[in-house]
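> Dropping in target27.cif, which is mmCIF, C-alpha atoms:
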data_start
#
loop_
_atom_site.label_atom_id
_atom_site.label_comp_id
_atom_site.auth_asym_id
_atom_site.auth_seq_id
_atom_site.Cartn_x
_atom_site.Cartn_y
_atom_site.Cartn_z
CA MET T 24 111.91 91.23 179.06
CA ASP T 25 115.05 91.48 176.99
CA LYS T 26 116.12 94.85 175.77
CA THR T 27 114.66 95.42 172.33
CA VAL T 28 116.12 98.86 171.69
CA ARG T 29 119.79 99.76 171.87
CA PHE T 30 120.92 103.37 171.91
CA ARG T 31 124.08 105.27 171.21
CA VAL T 32 123.77 108.99 171.82
CA ARG T 33 126.50 111.56 171.17
CA VAL T 34 125.88 115.21 171.96
CA LYS T 35 127.74 117.91 170.09
CA ASP T 36 126.78 121.61 170.10
CA ASN T 37 123.54 120.74 171.90
CA ILE T 38 122.48 118.44 169.07
CA ALA T 39 122.06 114.81 170.03
CA ASN T 40 123.09 112.38 167.34
CA VAL T 41 120.93 109.39 168.21
CA LYS T 42 121.68 105.97 166.78
CA ALA T 43 119.20 103.31 167.76
CA MET T 44 118.72 99.71 166.83
CA ILE T 45 115.57 97.71 167.41
CA PHE T 46 116.01 93.97 167.63
CA HIS T 47 113.41 92.53 165.33
CA PRO T 48 113.36 89.90 162.54
CA MET T 49 111.51 92.13 160.01
CA GLU T 50 110.18 89.13 158.09
CA THR T 51 108.87 90.00 154.64
CA GLY T 52 106.57 87.01 154.29
CA TYR T 53 108.54 85.96 151.20
CA ARG T 54 111.12 83.78 152.90
CA ARG T 55 110.78 80.05 153.39
CA ASP T 56 111.92 78.10 156.38
CA LYS T 57 115.01 76.07 155.41
CA ASN T 58 113.75 72.82 156.95
CA SER T 59 109.98 72.82 156.66
CA LYS T 60 109.96 74.81 153.38
CA SER T 61 106.89 76.63 154.62
CA ILE T 62 106.62 80.38 154.24
CA ILE T 63 107.71 82.40 157.26
CA PRO T 64 104.83 84.81 157.97
CA GLN T 65 105.19 88.57 157.74
CA HIS T 66 106.48 90.02 160.96
CA PHE T 67 107.66 93.59 160.96
CA VAL T 68 107.70 96.78 163.00
CA HIS T 69 105.31 99.24 161.38
CA THR T 70 105.46 102.15 163.80
CA ALA T 71 108.08 103.60 166.09
CA ILE T 72 107.58 106.71 168.16
CA VAL T 73 110.42 108.86 169.43
CA THR T 74 109.79 110.99 172.49
CA LEU T 75 111.86 113.56 174.36
CA ASN T 76 110.87 113.94 178.00
CA GLY T 77 107.59 112.21 177.23
CA LYS T 78 106.68 114.43 174.30
CA THR T 79 106.48 112.90 170.81
CA ILE T 80 109.09 114.46 168.54
CA MET T 81 109.02 112.04 165.61
CA GLU T 82 106.94 109.23 164.23
CA VAL T 83 108.47 106.51 162.11
CA HIS T 84 106.53 104.23 159.75
CA TRP T 85 108.27 101.20 158.32
CA SER T 86 107.43 98.44 155.89
CA ARG T 87 108.72 94.92 155.41
CA SER T 88 111.43 96.50 153.23
CA VAL T 89 113.31 97.81 156.23
CA SER T 90 116.30 95.64 157.10
CA LYS T 91 116.34 93.11 159.91
CA ASN T 92 117.12 94.73 163.27
CA PRO T 93 116.08 98.18 162.03
CA TYR T 94 118.58 100.95 162.48
CA LEU T 95 117.49 104.53 163.01
CA ASN T 96 119.79 107.53 163.12
CA ILE T 97 118.20 110.88 163.96
CA GLN T 98 119.35 114.25 165.24
CA VAL T 99 117.64 116.02 168.12
CA PRO T 100 118.55 119.68 168.68
CA GLY T 101 118.36 121.65 171.90
CA VAL T 102 118.99 118.81 174.32
CA SER T 103 120.53 119.12 177.74
CA ALA T 104 121.90 116.68 180.28
CA GLY T 105 119.21 114.69 182.02
CA ASP T 106 116.79 114.78 179.09
CA GLU T 107 115.09 111.47 178.53
CA LEU T 108 114.83 110.08 175.05
CA SER T 109 112.66 107.08 174.33
CA ILE T 110 111.70 104.94 171.37
CA SER T 111 108.68 102.67 171.44
CA TRP T 112 107.78 100.32 168.63
CA LEU T 113 104.79 98.29 167.57
CA ASP T 114 104.72 95.42 165.06
CA ASN T 115 102.05 93.80 162.89
CA MET T 116 101.59 90.94 165.35
CA GLY T 117 100.72 93.31 168.15
CA GLN T 118 104.07 92.96 169.87
CA SER T 119 105.73 96.07 171.20
CA GLY T 120 108.78 97.26 173.04
CA SER T 121 110.59 100.37 174.09
CA GLY T 122 113.88 101.73 175.26
CA VAL T 123 114.94 104.82 177.16
CA SER T 124 118.21 106.70 177.13
CA THR T 125 119.13 109.55 179.44
CA ILE T 126 121.33 112.22 177.91
CA SER T 127 124.48 112.75 179.90
CA MET E 1 72.46 120.25 190.31
CA VAL E 2 74.60 117.65 188.58
CA SER E 3 73.27 114.15 189.00
CA GLU E 4 75.46 111.29 190.08
CA ALA E 5 74.95 109.55 186.75
CA HIS E 6 76.05 112.64 184.92
CA GLN E 7 79.15 112.96 187.05
CA ARG E 8 79.98 109.36 186.35
CA ARG E 9 79.59 109.98 182.65
CA ILE E 10 81.95 112.93 182.83
CA PHE E 11 84.46 110.81 184.69
CA LEU E 12 84.19 108.01 182.12
CA LYS E 13 84.60 110.47 179.29
CA SER E 14 87.75 111.99 180.74
CA ALA E 15 89.11 108.54 181.57
CA LEU E 16 88.51 107.46 177.98
CA ALA E 17 90.18 110.61 176.70
CA VAL E 18 93.26 109.88 178.80
CA ILE E 19 93.41 106.27 177.63
CA SER E 20 92.98 107.13 173.96
CA SER E 21 95.63 109.84 174.21
CA LEU E 22 98.01 107.17 175.43
CA ILE E 23 97.26 104.87 172.52
CA VAL E 24 96.91 107.40 169.71
CA PRO E 25 99.91 109.66 169.31
CA SER E 26 99.28 113.36 169.73
CA VAL E 27 97.40 115.45 167.19
CA GLY E 28 98.48 115.76 163.61
CA TYR E 29 100.12 112.37 163.34
CA SER E 30 98.96 110.05 160.68
CA ARG E 31 98.97 106.40 161.53
CA TRP E 32 100.60 103.64 159.55
CA ASP E 33 98.87 103.73 156.18
CA LYS E 34 98.18 100.11 155.24
CA ASN E 35 96.75 101.07 151.86
CA ALA E 36 99.86 103.00 150.80
CA TYR E 37 102.23 100.32 152.06
CA ASN E 38 100.40 97.56 150.19
CA LYS E 39 100.59 99.19 146.75
CA THR E 40 102.65 97.02 144.46
CA GLU E 41 103.67 99.48 141.80
CA ILE E 42 105.56 102.77 142.06
CA VAL E 43 102.97 105.03 140.37
CA ALA E 44 100.12 103.81 142.57
CA SER E 45 102.42 103.86 145.54
CA VAL E 46 103.38 107.53 145.22
CA GLN E 47 99.79 108.43 144.41
CA SER E 48 98.63 106.85 147.63
CA VAL E 49 100.71 109.30 149.64
CA GLY E 50 99.34 112.26 147.69
CA VAL E 51 101.77 112.69 144.78
CA THR E 52 99.89 112.80 141.47
CA ASN E 53 102.87 112.45 139.20
CA LEU E 54 106.42 111.77 140.26
CA ALA E 55 107.86 113.54 137.22
CA ASP E 56 105.94 116.74 137.99
CA LEU E 57 107.47 117.16 141.41
CA ARG E 58 109.93 119.92 142.09
CA GLU E 59 113.48 118.74 142.13
CA GLY E 60 114.86 118.96 145.61
CA GLY E 61 118.12 119.90 143.93
CA GLY E 62 120.70 120.91 146.49
CA LYS E 63 118.15 120.99 149.25
CA ILE E 64 117.57 117.28 149.70
CA THR E 65 120.60 115.13 150.23
CA LEU E 66 120.02 111.45 149.55
CA LEU E 67 122.98 109.23 150.23
CA THR E 68 122.98 105.64 149.03
CA PRO E 69 125.71 103.29 147.90
CA LYS E 70 126.10 103.17 144.11
CA ILE E 71 126.42 99.41 144.32
CA ALA E 72 124.88 97.31 147.08
CA GLU E 73 126.39 93.85 147.21
CA ASN E 74 123.77 92.68 149.66
CA GLY E 75 120.23 93.87 148.94
CA ALA E 76 119.20 92.94 152.47
CA ILE E 77 121.16 95.84 153.94
CA VAL E 78 121.28 99.03 151.90
CA PRO E 79 122.20 102.07 154.01
CA ILE E 80 120.35 105.25 153.13
CA THR E 81 120.58 108.76 154.53
CA VAL E 82 118.21 111.64 153.80
CA ASN E 83 118.77 115.20 154.90
CA SER E 84 116.35 117.98 153.96
CA LYS E 85 117.25 121.65 154.02
CA ILE E 86 113.76 122.66 152.90
CA PRO E 87 112.22 124.85 155.63
CA ASN E 88 109.43 123.25 157.65
CA THR E 89 110.01 119.74 156.37
CA GLU E 90 107.10 117.76 157.75
CA ARG E 91 107.62 114.38 156.23
CA ILE E 92 110.09 112.26 154.29
CA PHE E 93 108.98 109.24 152.26
CA ILE E 94 111.38 106.62 150.93
CA PHE E 95 110.51 104.49 147.91
CA ALA E 96 112.46 101.65 146.34
CA GLU E 97 111.03 101.64 142.84
CA LYS E 98 111.18 97.91 142.07
CA ASN E 99 110.45 96.42 145.48
CA PRO E 100 107.30 94.26 145.72
CA GLN E 101 105.82 97.16 147.69
CA PRO E 102 107.72 100.31 146.71
CA LEU E 103 106.90 102.42 149.79
CA VAL E 104 109.67 101.52 152.21
CA SER E 105 109.21 103.99 155.02
CA ASP E 106 107.97 107.41 155.99
CA TYR E 107 109.06 109.72 158.74
CA VAL E 108 106.91 112.38 160.40
CA PHE E 109 108.98 115.24 161.79
CA THR E 110 108.23 117.92 164.36
CA PRO E 111 110.24 121.11 164.93
CA HIS E 112 111.93 119.29 167.82
CA VAL E 113 113.94 117.02 165.54
CA GLU E 114 116.23 117.77 162.59
CA PRO E 115 114.82 116.79 159.15
CA PHE E 116 117.42 114.09 158.90
CA VAL E 117 117.18 110.32 158.97
CA ALA E 118 119.48 107.41 158.28
CA SER E 119 118.38 103.81 158.15
CA ARG E 120 118.90 100.53 156.32
CA ILE E 121 116.53 99.12 153.76
CA LYS E 122 116.08 95.96 151.70
CA MET E 123 116.11 96.10 147.92
CA SER E 124 114.93 93.27 145.71
CA GLU E 125 116.82 94.41 142.61
CA THR E 126 118.67 97.30 140.96
CA ALA E 127 116.36 100.29 141.06
CA PHE E 128 115.96 103.95 141.82
CA VAL E 129 115.53 104.98 145.42
CA HIS E 130 113.29 108.04 145.68
CA ALA E 131 113.19 110.42 148.61
CA ILE E 132 110.09 112.59 148.64
CA VAL E 133 109.91 115.51 151.04
CA LEU E 134 106.67 117.19 152.10
CA ALA E 135 107.08 120.75 153.34
CA GLU E 136 104.28 123.29 153.78
CA GLY E 137 102.01 121.16 151.63
CA VAL E 138 104.43 120.91 148.69
CA PHE E 139 106.23 117.74 147.61
CA TYR E 140 109.86 117.72 146.48
CA ARG E 141 111.83 114.80 145.17
CA THR E 142 115.25 113.43 144.56
CA ALA E 143 116.37 109.98 143.44
CA ARG E 144 119.47 107.84 143.11
CA GLU E 145 120.02 104.55 141.42
CA VAL E 146 121.34 101.66 143.48
CA LYS E 147 122.77 98.62 141.71
CA VAL E 148 121.93 95.52 143.69
CA THR E 149 124.12 92.45 143.27
CA ILE E 150 122.07 90.05 145.42
CA GLY E 151 118.43 90.88 146.08
CA GLY E 152 117.35 91.07 149.68
CA CYS E 153 113.68 90.33 149.91
CA GLY E 154 113.23 86.60 149.55
CA GLU E 155 116.73 85.33 150.19
CA ASP E 156 118.31 84.70 153.53
CA SER E 157 119.80 87.74 155.09
#
Represent the structure contained in this file as structure tokens.


Amino acid sequence: MDKTVRFRVRVKDNIANVKAMIFHPMETGYRRDKNSKSIIPQHFVHTAIVTLNGKTIMEVHWSRSVSKNPYLNIQVPGVSAGDELSISWLDNMGQSGSGVSTIS
Amino acid sequence: MVSEAHQRRIFLKSALAVISSLIVPSVGYSRWDKNAYNKTEIVASVQSVGVTNLADLREGGGKITLLTPKIAENGAIVPITVNSKIPNTERIFIFAEKNPQPLVSDYVFTPHVEPFVASRIKMSETAFVHAIVLAEGVFYRTAREVKVTIGGCGEDS
């Protein structure tokens, strides 16, 4: 499966500045297909869970009003090299994905 | 003596507990609230997350930083940043007042993550963006107006 989550992690003073992007269309259900003129159905990530070494540290709830390819920037204190950060997401069509980044 | 059937039941119970703990995030987390996200008007929308009256909320003043552009040329991508200095911030809600469904997102924090979040949202038209912080059972608010040149809900992005 293609990577659905891209990470950029910078650690400064033991605080990880985590920038993540999830590749997802985030369709509102208001747009029409250019050719067929039919409405493109809603398709959006509603939940994303951030874990550190397997433990949930944050839960994210999104609506259709979050931009395409949702971007999430968070700050995780008290990290050390080797810690594993993951983000898993779930959308309204039952699709899901996840990504892992190891702190170096 | 424990019967075989009883043992099996215990095993099934613990197996179910393990499976459900994998699906449902750990204790204290609310799931995605369909009802709140489907509200089409700001008053009902904030009420659905537990705020009786937006105007009655304590001003976050210097304690909540909400960064938005003053003018967003493209409503499909409006960067927002919220940082709360209120102790024990548990949750941050983002509302775009005039969006078809005003509740845009909510973030559930634990002590293992800073009460900070930056993301990008869509805005259908010029409106106030509200950040509501829940800390120790009390709601705080702050808002900023964003002027939107081209709306970003129905148009191509």

> With only C-alpha atoms as the atoms that count, which of E:Ala76, E:Val43, E:Ala143, E:Val113 lies nearest to Asn88 (chain E)?

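Among the listed residues, E:Val113 lies closest to Asn88 (chain E).
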
> Which residue, E:Val82, E:Thr40, E:Pro102, E:Thr110, has the smallest gap to Thr74 (chain T) when you use all atoms listed in the file?

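With all atoms listed in the file as the atom set, the closest residue is E:Thr110.
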
> Enumerate, as JSON, numbers by chain, the residues matched when the PyMOL selection byres ((chain T) within 6 of (chain E)) is run on the file above.

{"T": [53, 54, 80, 81, 82, 83, 84, 85, 86, 88, 89, 90, 94, 95, 96, 97, 98, 99]}

> Could you check which of E:Ser84, E:Thr149, E:Thr126, E:Thr89 is closest to Leu67 (chain E), using all atoms listed in the file?

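Closest to Leu67 (chain E), using all atoms listed in the file: E:Ser84.
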
> If you count all atoms listed in the file, which residues fall within 8 Å of Ile126 (chain T), apart from same-chain ones fewer than 5 positions away, as a list in words?

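Close residues of Ile126 (chain T): Val32, Val102, Ser103, Ala104, Gly105, Asp106, Glu107 and Leu108 of chain T.
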
> Just how far from CA of Met44 (chain T) is CA of Ser48 (chain E), in Å to one decimal?

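Going from CA of Ser48 (chain E) over to CA of Met44 (chain T), I get 28.7 Å.
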
> Interatomic distance between CA of Ser61 (chain T) and CA of Gln118 (chain T)?

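Between CA of Ser61 (chain T) and CA of Gln118 (chain T) the gap is 22.5 Å.
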
> May I ask which of the residues T:Arg31, T:Lys42, T:Lys91, T:Lys78 is the closest one to His66 (chain T), counting only C-alpha atoms?

T:Lys91

> So the first atom is CA of Thr65 (chain E) and the second is CA of Arg87 (chain T); what is the distance between them in Å, to one decimal place?

24.0 Å
